[in-house]
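Novice: Below is entry.tsv; it holds TSV, C-alpha atoms and all ligand atoms.
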chain	number	residue	atom	x	y	z
A	1	MET	CA	0.00	0.00	0.00
A	2	LYS	CA	0.99	3.63	-0.38
A	3	ILE	CA	0.42	5.29	2.99
A	4	ALA	CA	0.63	8.97	3.91
A	5	ILE	CA	1.35	9.51	7.62
A	6	VAL	CA	0.68	12.87	9.24
A	7	CYS	CA	2.23	13.43	12.68
A	8	TYR	CA	4.14	15.82	14.91
A	9	PRO	CA	7.86	15.47	14.19
A	10	THR	CA	8.92	16.05	17.81
A	11	PHE	CA	10.15	13.92	20.73
A	12	GLY	CA	6.54	13.44	21.98
A	13	GLY	CA	5.07	9.95	22.11
A	14	SER	CA	2.63	10.41	19.23
A	15	GLY	CA	5.42	11.46	16.85
A	16	VAL	CA	7.60	8.56	17.99
A	17	VAL	CA	4.79	6.02	17.50
A	18	ALA	CA	3.90	7.41	14.06
A	19	THR	CA	7.53	7.37	12.95
A	20	GLU	CA	8.26	3.86	14.23
A	21	LEU	CA	5.03	2.63	12.62
A	22	GLY	CA	6.00	4.18	9.29
A	23	ILE	CA	9.48	2.63	9.43
A	24	ALA	CA	8.00	-0.79	10.28
A	25	LEU	CA	5.44	-0.54	7.46
A	26	SER	CA	8.17	0.37	4.99
A	27	LYS	CA	10.13	-2.73	6.04
A	28	ARG	CA	7.02	-4.79	5.30
A	29	GLY	CA	7.03	-3.50	1.73
A	30	HIS	CA	4.65	-0.55	1.97
A	31	GLU	CA	5.56	2.86	0.57
A	32	VAL	CA	5.33	5.43	3.35
A	33	HIS	CA	5.11	9.22	2.96
A	34	PHE	CA	5.53	11.35	6.09
A	35	VAL	CA	3.84	14.72	5.82
A	36	THR	CA	4.73	17.20	8.56
A	37	TYR	CA	6.54	20.50	9.19
A	38	LYS	CA	9.98	19.00	9.96
A	39	GLN	CA	11.68	15.67	9.41
A	40	PRO	CA	10.59	13.50	12.40
A	41	VAL	CA	13.34	13.16	15.03
A	42	ARG	CA	13.44	9.36	14.87
A	43	LEU	CA	13.47	9.26	11.08
A	44	ALA	CA	17.16	9.01	10.32
A	45	LEU	CA	17.20	7.53	6.84
A	46	LEU	CA	15.00	8.08	3.83
A	47	ASN	CA	14.91	5.39	1.14
A	48	ASP	CA	12.75	4.13	-1.73
A	49	ASN	CA	10.01	3.17	0.70
A	50	ILE	CA	10.25	6.15	3.07
A	51	HIS	CA	9.65	9.69	1.91
A	52	PHE	CA	9.32	12.96	3.76
A	53	HIS	CA	7.25	15.93	2.54
A	54	GLU	CA	7.69	19.18	4.43
A	55	VAL	CA	4.68	21.41	5.06
A	56	ASN	CA	5.70	25.06	4.73
A	57	VAL	CA	3.63	27.89	6.11
A	58	PRO	CA	4.80	31.19	4.65
A	59	ASP	CA	4.84	34.04	7.17
A	60	TYR	CA	2.40	36.78	6.36
A	61	ALA	CA	2.07	39.83	8.60
A	62	LEU	CA	-1.74	39.95	8.40
A	63	PHE	CA	-2.01	36.59	10.13
A	64	HIS	CA	-1.73	36.70	13.86
A	65	TYR	CA	-1.80	32.85	13.70
A	66	GLN	CA	-0.30	31.22	10.61
A	67	PRO	CA	-2.83	28.83	8.98
A	68	TYR	CA	-1.04	25.46	9.35
A	69	GLU	CA	-4.22	23.38	8.72
A	70	LEU	CA	-4.69	25.10	5.37
A	71	ALA	CA	-1.10	24.46	4.31
A	72	LEU	CA	-1.30	20.85	5.53
A	73	SER	CA	-4.56	20.05	3.75
A	74	SER	CA	-3.29	21.64	0.50
A	75	LYS	CA	-0.05	19.67	0.79
A	76	LEU	CA	-2.04	16.47	1.38
A	77	VAL	CA	-4.12	17.06	-1.73
A	78	ARG	CA	-0.95	17.47	-3.80
A	79	ILE	CA	0.88	14.45	-2.32
A	80	ILE	CA	-2.12	12.13	-2.47
A	81	LYS	CA	-2.61	12.92	-6.16
A	82	LYS	CA	1.07	12.92	-7.14
A	83	GLU	CA	2.02	9.75	-5.25
A	84	SER	CA	-1.32	7.92	-5.78
A	85	ILE	CA	-1.71	7.42	-2.03
A	86	ASP	CA	-4.10	4.64	-0.95
A	87	ILE	CA	-4.48	5.46	2.75
A	88	LEU	CA	-4.14	8.58	4.88
A	89	HIS	CA	-3.18	7.88	8.51
A	90	VAL	CA	-3.26	10.90	10.80
A	91	HIS	CA	-1.78	10.80	14.30
A	92	TYR	CA	-3.14	13.24	16.91
A	93	ALA	CA	-6.56	14.67	16.15
A	94	ILE	CA	-5.63	18.35	16.38
A	95	PRO	CA	-5.39	19.68	13.75
A	96	HIS	CA	-4.37	16.63	11.69
A	97	ALA	CA	-7.77	14.90	11.50
A	98	TYR	CA	-9.41	18.21	10.65
A	99	ALA	CA	-6.89	18.97	7.87
A	100	GLY	CA	-7.16	15.39	6.63
A	101	TYR	CA	-10.93	15.66	6.38
A	102	MET	CA	-10.60	18.87	4.32
A	103	ALA	CA	-8.10	17.20	2.00
A	104	LYS	CA	-10.46	14.24	1.52
A	105	GLU	CA	-13.33	16.58	0.65
A	106	MET	CA	-11.24	18.54	-1.86
A	107	LEU	CA	-10.13	15.31	-3.51
A	108	LYS	CA	-13.72	14.04	-3.65
A	109	GLN	CA	-14.53	16.98	-5.94
A	110	GLU	CA	-12.00	15.51	-8.36
A	111	GLY	CA	-13.44	11.99	-8.03
A	112	ILE	CA	-10.60	10.72	-5.80
A	113	GLU	CA	-11.53	8.75	-2.65
A	114	VAL	CA	-8.87	8.32	0.05
A	115	PRO	CA	-9.86	6.70	3.33
A	116	MET	CA	-8.57	8.33	6.52
A	117	VAL	CA	-7.49	6.47	9.66
A	118	THR	CA	-7.26	8.71	12.75
A	119	THR	CA	-5.21	7.63	15.77
A	120	LEU	CA	-6.01	9.38	19.04
A	121	HIS	CA	-3.01	9.71	21.33
A	122	GLY	CA	-4.10	11.34	24.57
A	123	THR	CA	-3.60	15.03	25.05
A	124	ASP	CA	-5.53	15.63	21.80
A	125	ILE	CA	-8.52	14.25	23.73
A	126	THR	CA	-7.96	14.70	27.45
A	127	LEU	CA	-6.12	18.02	27.76
A	128	VAL	CA	-6.55	20.04	24.60
A	129	GLY	CA	-9.28	18.55	22.42
A	130	SER	CA	-12.04	18.51	25.01
A	131	HIS	CA	-11.72	22.27	25.59
A	132	PRO	CA	-14.97	23.94	24.43
A	133	PHE	CA	-12.93	26.01	21.93
A	134	TYR	CA	-11.96	22.85	20.06
A	135	ARG	CA	-14.52	20.17	20.99
A	136	PRO	CA	-16.97	20.56	18.05
A	137	ALA	CA	-14.17	20.42	15.47
A	138	VAL	CA	-12.50	17.46	17.17
A	139	SER	CA	-15.83	15.55	17.44
A	140	PHE	CA	-16.54	16.31	13.79
A	141	SER	CA	-13.17	15.10	12.55
A	142	ILE	CA	-13.31	11.90	14.63
A	143	ASN	CA	-16.83	11.10	13.40
A	144	ASN	CA	-15.80	11.78	9.81
A	145	SER	CA	-12.74	9.54	9.86
A	146	ASP	CA	-13.15	6.19	8.13
A	147	VAL	CA	-11.44	4.30	10.96
A	148	VAL	CA	-10.60	5.61	14.44
A	149	THR	CA	-8.06	4.04	16.79
A	150	SER	CA	-6.98	4.89	20.32
A	151	VAL	CA	-3.77	3.78	22.00
A	152	SER	CA	-5.47	2.35	25.10
A	153	GLU	CA	-8.84	1.24	26.42
A	154	SER	CA	-8.66	4.08	28.93
A	155	LEU	CA	-8.30	6.66	26.14
A	156	LYS	CA	-11.21	5.07	24.26
A	157	GLN	CA	-13.41	5.46	27.35
A	158	ASP	CA	-12.25	9.09	27.84
A	159	THR	CA	-13.08	9.85	24.20
A	160	LEU	CA	-16.57	8.37	24.49
A	161	ARG	CA	-17.14	10.30	27.73
A	162	LEU	CA	-15.87	13.67	26.51
A	163	PHE	CA	-17.21	13.77	22.92
A	164	ASP	CA	-20.37	12.80	21.05
A	165	ILE	CA	-18.85	9.93	19.14
A	166	THR	CA	-20.86	7.98	16.60
A	167	LYS	CA	-17.88	6.03	15.27
A	168	GLU	CA	-16.52	2.72	16.46
A	169	ILE	CA	-13.12	3.13	18.17
A	170	ASP	CA	-10.57	0.31	17.83
A	171	VAL	CA	-7.93	0.04	20.53
A	172	VAL	CA	-4.48	-0.52	19.04
A	173	PRO	CA	-1.87	-0.22	21.78
A	174	ASN	CA	1.48	1.44	21.34
A	175	PHE	CA	4.43	-0.82	20.67
A	176	ILE	CA	8.20	-1.27	20.90
A	177	ASP	CA	10.66	-3.19	18.79
A	178	TYR	CA	11.32	-5.99	21.30
A	179	THR	CA	14.08	-7.69	19.40
A	180	ALA	CA	15.97	-4.46	18.66
A	181	VAL	CA	16.82	-4.06	22.36
A	182	ASP	CA	19.85	-6.17	23.10
A	183	ASP	CA	20.14	-7.12	26.79
A	184	SER	CA	23.75	-8.09	26.38
A	185	PHE	CA	24.64	-4.61	25.06
A	186	THR	CA	28.29	-4.31	26.03
A	187	ASP	CA	28.68	-0.56	25.60
A	188	CYS	CA	26.44	0.18	28.59
A	189	GLN	CA	28.54	2.84	30.32
A	190	ARG	CA	27.05	2.75	33.79
A	191	SER	CA	30.22	3.98	35.48
A	192	LEU	CA	29.91	7.36	33.73
A	193	MET	CA	26.69	8.03	35.63
A	194	ALA	CA	27.02	6.43	39.06
A	195	ASN	CA	29.31	4.69	41.51
A	196	GLU	CA	29.31	0.90	41.78
A	197	ASP	CA	27.18	0.93	44.97
A	198	GLU	CA	24.55	3.34	43.64
A	199	ARG	CA	21.20	2.59	41.94
A	200	ILE	CA	20.26	4.62	38.86
A	201	VAL	CA	16.78	6.09	38.65
A	202	THR	CA	15.55	7.67	35.40
A	203	HIS	CA	12.73	9.94	34.25
A	204	ILE	CA	12.11	10.76	30.58
A	205	SER	CA	9.44	13.19	29.39
A	206	ASN	CA	8.67	16.52	27.80
A	207	PHE	CA	8.72	18.19	31.27
A	208	ARG	CA	5.19	19.53	31.00
A	209	LYS	CA	2.91	20.11	34.01
A	210	VAL	CA	0.98	16.92	33.30
A	211	LYS	CA	4.15	14.90	34.03
A	212	ARG	CA	4.33	16.16	37.66
A	213	ILE	CA	8.08	16.71	37.48
A	214	SER	CA	8.14	17.97	41.08
A	215	ASP	CA	6.85	14.55	42.23
A	216	VAL	CA	9.79	12.92	40.45
A	217	ILE	CA	12.18	15.07	42.49
A	218	GLU	CA	10.33	14.54	45.79
A	219	VAL	CA	10.14	10.75	45.31
A	220	PHE	CA	13.83	10.63	44.50
A	221	TYR	CA	14.67	12.81	47.50
A	222	ARG	CA	13.01	10.29	49.85
A	223	LEU	CA	14.55	7.35	48.06
A	224	GLN	CA	18.14	8.61	48.18
A	225	LEU	CA	17.85	9.11	51.96
A	226	GLU	CA	17.53	5.31	52.24
A	227	ILE	CA	19.41	3.95	49.21
A	228	PRO	CA	22.52	5.42	47.56
A	229	SER	CA	21.30	6.50	44.12
A	230	LYS	CA	21.48	8.93	41.21
A	231	LEU	CA	18.60	10.46	39.26
A	232	LEU	CA	18.85	11.05	35.49
A	233	MET	CA	16.36	13.57	34.13
A	234	VAL	CA	16.02	13.23	30.34
A	235	GLY	CA	14.05	15.72	28.24
A	236	GLU	CA	13.29	19.40	27.92
A	237	GLY	CA	10.23	21.45	28.73
A	238	PRO	CA	8.65	24.22	30.76
A	239	GLU	CA	9.01	22.52	34.17
A	240	ARG	CA	12.75	21.91	33.93
A	241	GLU	CA	13.82	25.17	35.55
A	242	ALA	CA	11.58	24.74	38.58
A	243	ALA	CA	12.85	21.17	38.95
A	244	GLU	CA	16.48	22.32	38.91
A	245	GLN	CA	15.65	24.97	41.49
A	246	ARG	CA	14.02	22.37	43.77
A	247	VAL	CA	17.04	20.08	43.41
A	248	ARG	CA	19.24	22.97	44.63
A	249	GLU	CA	16.89	23.72	47.55
A	250	LEU	CA	17.02	20.07	48.62
A	251	GLY	CA	20.83	20.07	48.34
A	252	ILE	CA	20.95	17.04	46.03
A	253	GLU	CA	22.66	18.66	42.99
A	254	GLU	CA	25.43	16.03	43.14
A	255	LYS	CA	22.89	13.26	42.75
A	256	VAL	CA	20.69	14.60	39.95
A	257	ARG	CA	21.75	15.08	36.34
A	258	PHE	CA	19.63	16.89	33.75
A	259	LEU	CA	20.63	15.46	30.37
A	260	GLY	CA	18.28	17.36	28.00
A	261	ASN	CA	16.62	15.72	25.00
A	262	SER	CA	18.13	12.49	23.79
A	263	ASN	CA	17.80	10.39	20.69
A	264	GLU	CA	19.47	7.51	22.44
A	265	VAL	CA	17.11	6.62	25.25
A	266	ASP	CA	18.01	2.92	24.99
A	267	LYS	CA	21.61	3.79	25.89
A	268	ILE	CA	20.40	5.56	29.04
A	269	LEU	CA	17.84	2.92	29.94
A	270	CYS	CA	20.39	0.11	29.61
A	271	PHE	CA	22.02	1.19	32.88
A	272	SER	CA	18.86	2.36	34.66
A	273	ASP	CA	17.46	0.40	37.61
A	274	LEU	CA	14.13	2.17	37.99
A	275	PHE	CA	11.87	4.46	35.94
A	276	LEU	CA	9.63	7.13	37.51
A	277	LEU	CA	6.39	8.23	35.81
A	278	PRO	CA	4.11	10.00	38.31
A	279	SER	CA	1.96	11.71	35.62
A	280	GLU	CA	-1.36	13.42	36.28
A	281	ALA	CA	-2.75	11.97	33.03
A	282	GLU	CA	-1.26	9.51	30.56
A	283	SER	CA	-3.20	7.77	27.81
A	284	PHE	CA	-0.61	4.98	27.56
A	285	GLY	CA	2.85	5.91	28.84
A	286	LEU	CA	5.12	4.93	25.96
A	287	ALA	CA	8.14	6.00	28.02
A	288	ALA	CA	7.25	3.36	30.63
A	289	LEU	CA	7.06	0.68	27.94
A	290	GLU	CA	10.43	1.77	26.54
A	291	ALA	CA	11.84	1.41	30.05
A	292	MET	CA	10.31	-2.05	30.49
A	293	VAL	CA	11.73	-3.43	27.26
A	294	ASN	CA	15.12	-2.33	28.59
A	295	ARG	CA	14.51	-4.35	31.80
A	296	VAL	CA	13.68	-1.29	33.89
A	297	PRO	CA	10.82	-1.59	36.42
A	298	VAL	CA	8.40	1.33	36.68
A	299	ILE	CA	7.11	3.34	39.64
A	300	SER	CA	4.13	5.27	38.31
A	301	SER	CA	0.81	6.82	39.04
A	302	ASN	CA	-2.30	4.82	38.16
A	303	ALA	CA	-3.55	7.54	35.78
A	304	GLY	CA	-5.28	6.80	32.46
A	305	GLY	CA	-3.82	3.92	30.47
A	306	ILE	CA	-0.70	3.38	32.61
A	307	PRO	CA	-2.22	0.31	34.37
A	308	GLU	CA	-2.62	-1.29	30.92
A	309	VAL	CA	1.19	-1.20	30.64
A	310	ASN	CA	2.71	-1.24	34.14
A	311	VAL	CA	1.37	-4.21	36.13
A	312	ASP	CA	1.13	-3.44	39.85
A	313	GLY	CA	3.44	-5.66	41.93
A	314	VAL	CA	4.84	-7.35	38.82
A	315	THR	CA	6.61	-4.87	36.53
A	316	GLY	CA	6.66	-2.11	39.15
A	317	TYR	CA	4.06	-0.42	41.31
A	318	LEU	CA	1.12	1.97	40.81
A	319	SER	CA	0.08	4.70	43.25
A	320	ASN	CA	-2.60	7.36	43.26
A	321	VAL	CA	-1.58	10.60	41.52
A	322	GLY	CA	0.42	12.75	43.94
A	323	ASN	CA	1.01	10.04	46.55
A	324	ILE	CA	4.74	10.69	46.81
A	325	ALA	CA	5.16	8.73	50.05
A	326	ASP	CA	3.70	5.57	48.51
A	327	MET	CA	5.81	5.95	45.38
A	328	ALA	CA	9.00	6.40	47.41
A	329	GLN	CA	8.18	3.40	49.60
A	330	ASN	CA	7.55	1.23	46.52
A	331	ALA	CA	10.78	2.43	44.92
A	332	ILE	CA	12.71	1.44	48.04
A	333	ARG	CA	10.95	-1.94	48.07
A	334	ILE	CA	12.21	-2.70	44.57
A	335	LEU	CA	15.71	-1.31	44.95
A	336	GLU	CA	16.68	-2.46	48.42
A	337	ASP	CA	17.95	-5.89	47.47
A	338	ASP	CA	19.47	-7.31	44.31
A	339	ALA	CA	17.23	-10.36	44.10
A	340	THR	CA	14.01	-8.33	44.21
A	341	LEU	CA	15.34	-5.86	41.65
A	342	GLU	CA	16.36	-8.70	39.32
A	343	GLN	CA	12.89	-10.26	39.58
A	344	PHE	CA	11.17	-6.95	38.68
A	345	LYS	CA	13.60	-6.40	35.81
A	346	THR	CA	12.83	-9.85	34.39
A	347	ASN	CA	9.08	-9.30	34.78
A	348	ALA	CA	9.26	-5.88	33.08
A	349	LYS	CA	11.02	-7.31	30.04
A	350	LYS	CA	8.60	-10.26	29.82
A	351	GLU	CA	5.51	-8.02	29.98
A	352	ALA	CA	6.94	-5.68	27.31
A	353	ALA	CA	6.95	-8.59	24.85
A	354	LYS	CA	3.14	-8.28	24.61
A	355	PHE	CA	3.63	-4.92	22.92
A	356	ASP	CA	6.13	-6.09	20.33
A	357	ILE	CA	5.88	-4.29	17.02
A	358	GLN	CA	5.47	-7.63	15.23
A	359	ASN	CA	2.12	-8.11	16.99
A	360	ILE	CA	0.84	-4.56	16.56
A	361	VAL	CA	1.74	-3.48	13.00
A	362	PRO	CA	-0.47	-6.22	11.44
A	363	LEU	CA	-3.40	-4.75	13.40
A	364	TYR	CA	-2.89	-1.43	11.60
A	365	GLU	CA	-2.59	-3.22	8.27
A	366	GLU	CA	-5.94	-4.95	8.91
A	367	LEU	CA	-7.53	-1.60	9.71
A	368	TYR	CA	-6.12	-0.09	6.50
A	369	GLU	CA	-7.70	-2.98	4.56
A	370	ARG	CA	-10.99	-2.37	6.33
A	371	ALA	CA	-10.86	1.35	5.56
A	372	LEU	CA	-10.16	0.63	1.88
A	373	VAL	CA	-13.16	-1.69	1.65
A	374	LYS	CA	-15.39	0.92	3.31
A	375	ALA	CA	-14.30	3.78	1.01
B	401	LIG	O1	3.20	12.70	26.80
B	401	LIG	C1	3.04	13.72	26.17
B	401	LIG	O2	2.77	14.79	26.69
B	401	LIG	C2	3.17	13.69	24.66
B	401	LIG	C3	1.95	13.05	24.07
B	401	LIG	C4	1.98	13.10	22.55
B	401	LIG	O3	0.91	13.32	22.03
B	401	LIG	O4	2.99	12.92	21.92
B	401	LIG	O5	1.91	11.69	24.48
B	401	LIG	C5	0.65	11.05	24.38
B	401	LIG	O6	0.78	10.06	23.36
B	401	LIG	C6	1.71	9.00	23.67
B	401	LIG	C7	1.78	8.07	22.46
B	401	LIG	O7	0.56	7.50	22.18
B	401	LIG	C8	1.27	8.27	24.94
B	401	LIG	O8	2.18	7.23	25.24
B	401	LIG	C9	1.24	9.28	26.09
B	401	LIG	O9	0.76	8.62	27.25
B	401	LIG	C10	0.31	10.44	25.74
B	401	LIG	N1	0.43	11.48	26.77
B	401	LIG	C11	-0.60	11.82	27.56
B	401	LIG	O10	-1.70	11.28	27.51
B	401	LIG	C12	-0.31	12.88	28.56
Output the file's structure as structure tokens, nothing else.
Ligand code: GMT
Specialist:
Amino acid sequence: MKIAIVCYPTFGGSGVVATELGIALSKRGHEVHFVTYKQPVRLALLNDNIHFHEVNVPDYALFHYQPYELALSSKLVRIIKKESIDILHVHYAIPHAYAGYMAKEMLKQEGIEVPMVTTLHGTDITLVGSHPFYRPAVSFSINNSDVVTSVSESLKQDTLRLFDITKEIDVVPNFIDYTAVDDSFTDCQRSLMANEDERIVTHISNFRKVKRISDVIEVFYRLQLEIPSKLLMVGEGPEREAAEQRVRELGIEEKVRFLGNSNEVDKILCFSDLFLLPSEAESFGLAALEAMVNRVPVISSNAGGIPEVNVDGVTGYLSNVGNIADMAQNAIRILEDDATLEQFKTNAKKEAAKFDIQNIVPLYEELYERALVKA
């Protein structure tokens, strides 16, 4: 099939999932065309089966807000015609599903039918999309997609609760490339980050409010009072400065390293002993799954779809949002002896296998087939 994928090109989970999906589809013989405003961060190589089309929005002084949806839908019309695209797959409803719908309608005028699959990722529904300013347009574009998927059962239920949805929603969970993570990776440079007797705790996110970065710091503070450890903070975002300030106030600067954005999370996770994800909301928690496939147990909140990934008492522990004391206690429970830690690491890796890309990509292919039959 010839598939056009629309996504955000950034470090966020939806962009990562869309990019990894496109790469996997291309390896299975499909021709994939990414359409977005910048080459996606995880898209290193372009080849005969992977193409990238940049959406440009020329600056014009009259516009207070530059019309990205207009540029995207026009670009889609051009690409779909020029490349004879069979399927349009948009990731993140805002504004991609809306622009995709407009492109479909324009093409219809020329007698061209292209089915659209919309994948809902989380914040497009829970944080942003359900705002009254956007809700009618988001409802409309979901209901006018040919196939709609959500990355967890929890997100499906949120979507049905927050919008007037007349469309069936298929749950297709996020995935990881299980076999690509090599447990015997010999270049795992643990000694650069911590002493022999220290545990390494990691957090990776976009440092937005929803991630509750201050809880990460507070949990770690309690943990390091009991167990010698280091905290690695990976990512960039608006909460970073406040977090650094809090680290200084607590006097633990020597134990916390802020590493910024990284394209090599596997290299950091390979020497991590524990992952912290205390988010306020999380439709899935791809970062937790990436930790698990690298044998890293997860201490998280029980928000949204996280319990569909992190199994309480098996791959880590779940606590109510904001319950720092419980999270710290659970972290200590996992890290205090080697045998317990090893058991949780083994469990985390085993559970991650359920989300292997080999099991998930065929589900998308089936949905593409279904969308083509419907159109
Ligand atoms: O986590 C974020 O803030 C980024 C956001 C995104 O849209 O890229 O992530 C959402 O989509 C990911 C991929 O499906 C999910 O794993 C994240 O849980 C979800 N984030 C939230 O729901 C807050």
Novice: Give me the residues of chain A that have any atom at most 8 Å from an atom of ligand LIG 401 (chain B); for each, the nearest atom pair and the distance in Å, rounded to one decimal. Use only C-alpha atoms and all ligand atoms, sort by chain and number, and format it as JSON lines.
Specialist:
{"residue": "A:Tyr8", "atom": "CA", "partner": "B:LIG401", "partner_atom": "O4", "distance": 7.7}
{"residue": "A:Thr10", "atom": "CA", "partner": "B:LIG401", "partner_atom": "O4", "distance": 7.9}
{"residue": "A:Phe11", "atom": "CA", "partner": "B:LIG401", "partner_atom": "O4", "distance": 7.3}
{"residue": "A:Gly12", "atom": "CA", "partner": "B:LIG401", "partner_atom": "O4", "distance": 3.6}
{"residue": "A:Gly13", "atom": "CA", "partner": "B:LIG401", "partner_atom": "O4", "distance": 3.6}
{"residue": "A:Ser14", "atom": "CA", "partner": "B:LIG401", "partner_atom": "O4", "distance": 3.7}
{"residue": "A:Gly15", "atom": "CA", "partner": "B:LIG401", "partner_atom": "O4", "distance": 5.8}
{"residue": "A:Val16", "atom": "CA", "partner": "B:LIG401", "partner_atom": "C7", "distance": 7.4}
{"residue": "A:Val17", "atom": "CA", "partner": "B:LIG401", "partner_atom": "C7", "distance": 6.2}
{"residue": "A:Tyr92", "atom": "CA", "partner": "B:LIG401", "partner_atom": "O3", "distance": 6.5}
{"residue": "A:Leu120", "atom": "CA", "partner": "B:LIG401", "partner_atom": "O7", "distance": 7.5}
{"residue": "A:His121", "atom": "CA", "partner": "B:LIG401", "partner_atom": "O7", "distance": 4.3}
{"residue": "A:Gly122", "atom": "CA", "partner": "B:LIG401", "partner_atom": "O10", "distance": 3.8}
{"residue": "A:Thr123", "atom": "CA", "partner": "B:LIG401", "partner_atom": "O10", "distance": 4.9}
{"residue": "A:Asp124", "atom": "CA", "partner": "B:LIG401", "partner_atom": "O3", "distance": 6.8}
{"residue": "A:Thr126", "atom": "CA", "partner": "B:LIG401", "partner_atom": "O10", "distance": 7.1}
{"residue": "A:Leu127", "atom": "CA", "partner": "B:LIG401", "partner_atom": "C12", "distance": 7.8}
{"residue": "A:Val151", "atom": "CA", "partner": "B:LIG401", "partner_atom": "O7", "distance": 5.7}
{"residue": "A:Asn174", "atom": "CA", "partner": "B:LIG401", "partner_atom": "O7", "distance": 6.2}
{"residue": "A:Ser205", "atom": "CA", "partner": "B:LIG401", "partner_atom": "O1", "distance": 6.8}
{"residue": "A:Asn206", "atom": "CA", "partner": "B:LIG401", "partner_atom": "O2", "distance": 6.2}
{"residue": "A:Arg208", "atom": "CA", "partner": "B:LIG401", "partner_atom": "O2", "distance": 6.8}
{"residue": "A:Val210", "atom": "CA", "partner": "B:LIG401", "partner_atom": "C12", "distance": 6.4}
{"residue": "A:Lys211", "atom": "CA", "partner": "B:LIG401", "partner_atom": "C12", "distance": 7.3}
{"residue": "A:Ser279", "atom": "CA", "partner": "B:LIG401", "partner_atom": "C12", "distance": 7.5}
{"residue": "A:Glu280", "atom": "CA", "partner": "B:LIG401", "partner_atom": "C12", "distance": 7.8}
{"residue": "A:Ala281", "atom": "CA", "partner": "B:LIG401", "partner_atom": "C12", "distance": 5.2}
{"residue": "A:Glu282", "atom": "CA", "partner": "B:LIG401", "partner_atom": "O10", "distance": 3.6}
{"residue": "A:Ser283", "atom": "CA", "partner": "B:LIG401", "partner_atom": "O10", "distance": 3.8}
{"residue": "A:Phe284", "atom": "CA", "partner": "B:LIG401", "partner_atom": "O9", "distance": 3.9}
{"residue": "A:Gly285", "atom": "CA", "partner": "B:LIG401", "partner_atom": "O9", "distance": 3.8}
{"residue": "A:Leu286", "atom": "CA", "partner": "B:LIG401", "partner_atom": "O8", "distance": 3.8}
{"residue": "A:Ala287", "atom": "CA", "partner": "B:LIG401", "partner_atom": "O8", "distance": 6.7}
{"residue": "A:Gly304", "atom": "CA", "partner": "B:LIG401", "partner_atom": "O10", "distance": 7.6}
{"residue": "A:Gly305", "atom": "CA", "partner": "B:LIG401", "partner_atom": "O9", "distance": 7.3}
{"residue": "A:Ile306", "atom": "CA", "partner": "B:LIG401", "partner_atom": "O9", "distance": 7.6}
Novice: Could you write out the selected residues, including C-alpha atoms, as a JSON list (two decimals), in the coordinates of the input?
Specialist:
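Saved as result-v9.json:
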[["chain", "number", "residue", "atom", "x", "y", "z"],
["A", 8, "TYR", "CA", 4.14, 15.82, 14.91],
["A", 10, "THR", "CA", 8.92, 16.05, 17.81],
["A", 11, "PHE", "CA", 10.15, 13.92, 20.73],
["A", 12, "GLY", "CA", 6.54, 13.44, 21.98],
["A", 13, "GLY", "CA", 5.07, 9.95, 22.11],
["A", 14, "SER", "CA", 2.63, 10.41, 19.23],
["A", 15, "GLY", "CA", 5.42, 11.46, 16.85],
["A", 16, "VAL", "CA", 7.60, 8.56, 17.99],
["A", 17, "VAL", "CA", 4.79, 6.02, 17.50],
["A", 92, "TYR", "CA", -3.14, 13.24, 16.91],
["A", 120, "LEU", "CA", -6.01, 9.38, 19.04],
["A", 121, "HIS", "CA", -3.01, 9.71, 21.33],
["A", 122, "GLY", "CA", -4.10, 11.34, 24.57],
["A", 123, "THR", "CA", -3.60, 15.03, 25.05],
["A", 124, "ASP", "CA", -5.53, 15.63, 21.80],
["A", 126, "THR", "CA", -7.96, 14.70, 27.45],
["A", 127, "LEU", "CA", -6.12, 18.02, 27.76],
["A", 151, "VAL", "CA", -3.77, 3.78, 22.00],
["A", 174, "ASN", "CA", 1.48, 1.44, 21.34],
["A", 205, "SER", "CA", 9.44, 13.19, 29.39],
["A", 206, "ASN", "CA", 8.67, 16.52, 27.80],
["A", 208, "ARG", "CA", 5.19, 19.53, 31.00],
["A", 210, "VAL", "CA", 0.98, 16.92, 33.30],
["A", 211, "LYS", "CA", 4.15, 14.90, 34.03],
["A", 279, "SER", "CA", 1.96, 11.71, 35.62],
["A", 280, "GLU", "CA", -1.36, 13.42, 36.28],
["A", 281, "ALA", "CA", -2.75, 11.97, 33.03],
["A", 282, "GLU", "CA", -1.26, 9.51, 30.56],
["A", 283, "SER", "CA", -3.20, 7.77, 27.81],
["A", 284, "PHE", "CA", -0.61, 4.98, 27.56],
["A", 285, "GLY", "CA", 2.85, 5.91, 28.84],
["A", 286, "LEU", "CA", 5.12, 4.93, 25.96],
["A", 287, "ALA", "CA", 8.14, 6.00, 28.02],
["A", 304, "GLY", "CA", -5.28, 6.80, 32.46],
["A", 305, "GLY", "CA", -3.82, 3.92, 30.47],
["A", 306, "ILE", "CA", -0.70, 3.38, 32.61]]
Novice: So that I can check the surroundings of region 163-167 of chain A, please list as a PyMOL selection string every protein, DNA and RNA residue that reaches within 9 Å of it, counting all atoms listed in the file and ignoring chain neighbours fewer than 6 positions away.
Specialist: chain A and resi 125+130+135-136+138-140+142-148
Novice: Please produce, as CSV, a per-residue contact table for region 186-206 of chain A versus region 323-343 of chain A (criterion: any atom at most 12 Å away, only C-alpha atoms considered), showing the nearest atom pair and its distance in Å to one decimal, sorted by chain then residue number.
Specialist:
residue,atom,partner,partner_atom,distance
A:Asp197,CA,A:Asp338,CA,11.3
A:Glu198,CA,A:Leu335,CA,10.1
A:Arg199,CA,A:Leu335,CA,7.4
A:Ile200,CA,A:Leu335,CA,9.6
A:Val201,CA,A:Ala331,CA,9.4
A:Thr202,CA,A:Ala331,CA,11.9
